[in-house]
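Structure data follow from start_16.txt (compact mmCIF, C-alpha atoms):
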# COMPACT_ATOMS: atom_id res chain seq x y z
CA MET A 200 -21.80 -116.83 -45.57
CA ALA A 201 -20.13 -119.74 -43.78
CA ALA A 202 -20.94 -122.08 -46.67
CA VAL A 203 -19.38 -119.65 -49.15
CA MET A 204 -16.25 -119.41 -46.99
CA LYS A 205 -15.96 -123.20 -46.83
CA LEU A 206 -16.35 -123.44 -50.62
CA VAL A 207 -13.72 -120.75 -51.21
CA ASP A 208 -11.35 -122.42 -48.75
CA ALA A 209 -11.88 -125.80 -50.46
CA ILE A 210 -11.08 -124.33 -53.89
CA LEU A 211 -8.03 -122.54 -52.51
CA PHE A 212 -6.90 -125.72 -50.75
CA VAL A 213 -6.86 -127.63 -54.05
CA PHE A 214 -4.91 -124.88 -55.84
CA PHE A 215 -2.45 -124.43 -52.95
CA LEU A 216 -1.91 -128.20 -52.91
CA ILE A 217 -1.15 -128.18 -56.65
CA ILE A 218 1.34 -125.34 -56.13
CA ALA A 219 2.92 -127.02 -53.11
CA ILE A 220 3.64 -130.11 -55.22
CA ALA A 221 4.27 -128.66 -58.68
CA ALA A 222 6.52 -125.73 -57.77
CA PRO A 223 9.47 -127.67 -56.37
CA LEU A 224 9.09 -130.71 -58.64
CA LEU A 225 8.21 -129.18 -62.02
CA ASP A 226 8.56 -125.40 -62.04
CA ALA A 227 11.97 -125.50 -60.36
CA GLN A 228 13.33 -127.32 -63.42
CA THR A 229 13.17 -123.97 -65.21
CA CYS A 230 15.89 -122.41 -63.07
CA LEU A 231 17.76 -125.25 -61.37
CA PRO A 232 20.17 -127.78 -62.97
CA ALA A 233 18.45 -130.74 -64.59
CA ASN A 234 20.78 -133.26 -62.96
CA ILE A 235 19.14 -132.77 -59.54
CA PHE A 236 15.75 -134.00 -60.77
CA PRO A 237 14.75 -137.63 -61.44
CA ASP A 238 14.34 -138.55 -65.10
CA VAL A 239 10.62 -139.17 -64.65
CA LEU A 240 10.07 -135.53 -63.60
CA ILE A 241 12.16 -134.23 -66.50
CA ARG A 242 10.17 -136.37 -68.94
CA LEU A 243 6.90 -135.12 -67.39
CA LYS A 244 7.97 -131.49 -67.78
CA THR A 245 9.10 -132.11 -71.38
CA TRP A 246 5.83 -133.87 -72.18
CA TYR A 247 3.86 -130.93 -70.76
CA ALA A 248 5.84 -128.37 -72.77
CA ASN A 249 5.38 -130.38 -75.99
CA GLU A 250 1.74 -131.27 -75.40
CA TYR A 251 0.63 -127.75 -74.47
CA GLY A 252 3.06 -125.81 -76.64
CA ASP A 253 4.45 -123.89 -73.68
CA TYR A 254 7.32 -122.11 -75.39
CA LEU A 255 8.23 -120.28 -72.17
CA VAL A 256 9.32 -123.58 -70.65
CA PHE A 257 11.54 -124.35 -73.66
CA GLU A 258 12.95 -120.88 -74.34
CA LYS A 259 13.30 -119.84 -70.67
CA PRO A 260 13.23 -116.06 -71.16
CA HIS A 261 14.89 -114.17 -68.33
CA PHE A 262 11.66 -112.63 -67.02
CA PHE A 263 10.08 -116.09 -66.81
CA VAL A 264 13.05 -117.56 -64.94
CA GLY A 265 12.85 -114.60 -62.54
CA LEU A 266 9.15 -115.25 -61.94
CA ILE A 267 9.87 -118.90 -61.23
CA TRP A 268 12.50 -117.86 -58.66
CA LEU A 269 9.89 -115.57 -57.10
CA GLU A 270 7.48 -118.47 -56.96
CA LEU A 271 10.01 -120.80 -55.33
CA VAL A 272 11.40 -118.35 -52.78
CA TYR A 273 8.30 -116.32 -51.92
CA ALA A 274 5.05 -117.85 -53.17
CA TRP A 275 5.75 -121.52 -52.48
CA PRO A 276 6.28 -121.03 -48.72
CA LEU A 277 3.12 -118.91 -48.65
CA ALA A 278 1.20 -121.72 -50.37
CA ILE A 279 2.38 -124.21 -47.75
CA ALA A 280 1.52 -121.81 -44.93
CA SER A 281 -1.90 -121.24 -46.47
CA LEU A 282 -2.54 -124.98 -46.65
CA TYR A 283 -1.74 -125.23 -42.95
CA GLY A 284 -3.87 -122.17 -42.24
CA ILE A 285 -6.88 -123.63 -44.05
CA VAL A 286 -6.60 -127.00 -42.31
CA THR A 287 -6.15 -125.53 -38.83
CA GLY A 288 -8.36 -122.43 -39.21
CA LYS A 289 -5.61 -119.94 -38.39
CA PRO A 290 -6.58 -116.24 -38.35
CA TRP A 291 -3.47 -115.27 -40.35
CA LEU A 292 -4.77 -117.20 -43.38
CA ARG A 293 -6.22 -113.94 -44.66
CA THR A 294 -2.74 -112.41 -44.73
CA THR A 295 -1.05 -115.33 -46.49
CA CYS A 296 -3.86 -115.50 -49.07
CA LEU A 297 -3.61 -111.78 -49.75
CA LEU A 298 0.18 -111.89 -50.11
CA TYR A 299 0.08 -114.99 -52.30
CA GLY A 300 -2.75 -113.67 -54.43
CA VAL A 301 -1.14 -110.32 -55.18
CA SER A 302 2.18 -111.94 -56.04
CA THR A 303 0.58 -114.53 -58.30
CA LEU A 304 -1.72 -112.00 -59.96
CA THR A 305 1.28 -109.84 -60.82
CA SER A 306 3.19 -112.82 -62.21
CA MET A 307 0.22 -114.11 -64.20
CA VAL A 308 -0.42 -110.71 -65.78
CA ALA A 309 3.21 -110.64 -66.97
CA VAL A 310 3.11 -114.22 -68.27
CA LEU A 311 -0.30 -113.93 -69.93
CA SER A 312 0.67 -110.60 -71.52
CA GLU A 313 3.65 -112.34 -73.08
CA LEU A 314 1.63 -115.38 -74.16
CA VAL A 315 -1.22 -113.39 -75.69
CA GLY A 316 0.96 -110.59 -77.09
CA SER A 317 3.50 -112.86 -78.75
CA GLY A 318 0.91 -114.75 -80.76
CA LYS A 319 2.97 -117.93 -80.19
CA ALA A 320 0.81 -119.41 -77.45
CA SER A 321 -1.55 -122.24 -78.24
CA GLU A 322 -5.13 -122.20 -77.03
CA LYS A 323 -4.22 -125.17 -74.86
CA VAL A 324 -1.45 -123.36 -72.98
CA LEU A 325 -3.66 -120.30 -72.44
CA LYS A 326 -6.30 -122.57 -70.90
CA MET A 327 -3.59 -123.90 -68.60
CA TYR A 328 -2.45 -120.47 -67.35
CA PHE A 329 -5.75 -118.54 -67.11
CA PRO A 330 -7.15 -120.54 -64.16
CA PHE A 331 -4.16 -119.39 -62.10
CA LEU A 332 -5.19 -115.80 -62.78
CA GLY A 333 -8.64 -116.60 -61.38
CA PHE A 334 -7.05 -118.43 -58.46
CA ALA A 335 -4.95 -115.35 -57.66
CA ILE A 336 -8.04 -113.15 -57.66
CA LEU A 337 -9.87 -115.63 -55.43
CA ALA A 338 -6.92 -115.68 -53.01
CA ILE A 339 -6.95 -111.86 -52.88
CA LEU A 340 -10.69 -111.83 -52.22
CA ARG A 341 -10.19 -114.46 -49.48
CA GLY A 342 -7.70 -112.08 -47.92
CA PHE A 343 -10.48 -109.54 -47.48
CA MET A 344 -13.04 -112.01 -46.10
CA PRO A 345 -13.54 -112.39 -42.36
CA HIS A 346 -11.77 -115.12 -40.42
CA SER A 347 -13.74 -118.37 -40.57
CA GLY A 348 -11.92 -120.30 -37.82
CA LYS A 349 -13.17 -120.89 -34.32
CA PRO A 350 -12.92 -117.79 -32.15
CA ASN A 351 -10.77 -117.88 -29.02
CA ALA A 352 -12.46 -118.19 -25.64
CA THR A 353 -13.71 -114.84 -24.42
CA GLY A 354 -12.20 -113.41 -21.34
CA THR A 355 -8.91 -115.28 -21.72
CA ARG A 356 -6.89 -112.14 -22.25
CA ALA A 357 -8.48 -110.34 -19.31
CA ALA A 358 -7.81 -113.30 -17.03
CA LEU A 359 -4.17 -113.42 -18.06
CA SER A 360 -3.61 -109.72 -17.52
CA ARG A 361 -4.88 -109.69 -13.91
CA LYS A 362 -2.25 -109.87 -11.20
CA LYS A 363 -2.61 -112.13 -8.22
CA ARG A 364 -2.42 -110.48 -4.84
CA ALA A 365 -1.07 -112.25 -1.83

Mind turning this structure into structure tokens?
Amino acid sequence: MAAVMKLVDAILFVFFLIIAIAAPLLDAQTCLPANIFPDVLIRLKTWYANEYGDYLVFEKPHFFVGLIWLELVYAWPLAIASLYGIVTGKPWLRTTCLLYGVSTLTSMVAVLSELVGSGKASEKVLKMYFPFLGFAILAILRGFMPHSGKPNATGTRAALSRKKRA
């Protein structure tokens, strides 16, 4: 079981790292003014939208902009906290994974429903979004797995709660 936990944590670490970097540098361009981003990042985002046919990035429908705000304000801090939790073996990692996973699953269902239902999405863009649906499910499942970090020393709490007598 420990090997499975390490594998899951390694996969989640990679995805959380991608989110921690991409959300403020690329996704934020959807809802923030372009003049605050360097030209190289704007060109990268434009290249992605053209190469993958991601019409949501070009058209910026209101629901998509709202989901990006949700990602920036809610999910991005959870991704950073989860990275820290994985590296340091914090027991609250389960909570941050569960919260992140449910939020991302909800967002991905909305986005993928639009992409598939509209008939405008290319196969390439669908292949770009679907892994994030799997990542969200994996994060939720990680939220239900036991803590894999090192347990605290036993007896510490009992020793702290005893009063000294003079």

| request: Would you list the contacts of range 332-335 of chain A as a ChimeraX atom specification, taking every protein, DNA or RNA residue within 9 Å and counting all atoms listed in the file, but skipping same-chain residues closer than 2 positions in sequence? | output: /A:210-211,214,296-297,299-308,311,328-330,337-340

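Of the listed residues A:Leu298, A:Phe343, A:Gly318, A:Ala278, the one whose atoms come nearest to Val213 in chain A is A:Ala278, with distances taken using all atoms listed in the file.
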
| note | With distances taken over only C-alpha atoms, the candidate from A:Val203, A:Ala248, A:Tyr283, A:Phe236 nearest Ala219 in chain A is A:Tyr283

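Proximity ranking of A:Ile241, A:Leu271, A:Val324, A:Ala280 relative to Phe215 in chain A places A:Ala280 first, based on all atoms listed in the file.
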
| request: Find the spatial neighbours of Ala222 in chain A, counting only C-alpha atoms, within a cut-off of 10 Å - ignore same-chain residues fewer than 3 positions away - and output them as a list in words. | output: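 The residues that qualify are Ile217, Ile218, Ala219, Leu225, Asp226, Ala227, Gln228, Ile267, Trp268, Glu270, Leu271, Ala274, Trp275 and Ala278 of chain A.
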
| query | So which one's closest to Leu282 in chain A, A:Phe212, A:Val207, A:Lys259, A:Ile336? Using all atoms listed in the file, please. | reply | A:Phe212

| message | Between CA of Pro345 in chain A and CA of Arg293 in chain A, what is the distance in Å, rounded to a tenth? | response |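 CA of Pro345 in chain A sits 7.8 Å away from CA of Arg293 in chain A.
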
| query | Mind pulling up the distance from CA of Ala233 in chain A to CA of Tyr251 in chain A? | reply |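 That distance, rounded to one decimal, is 20.6 Å.
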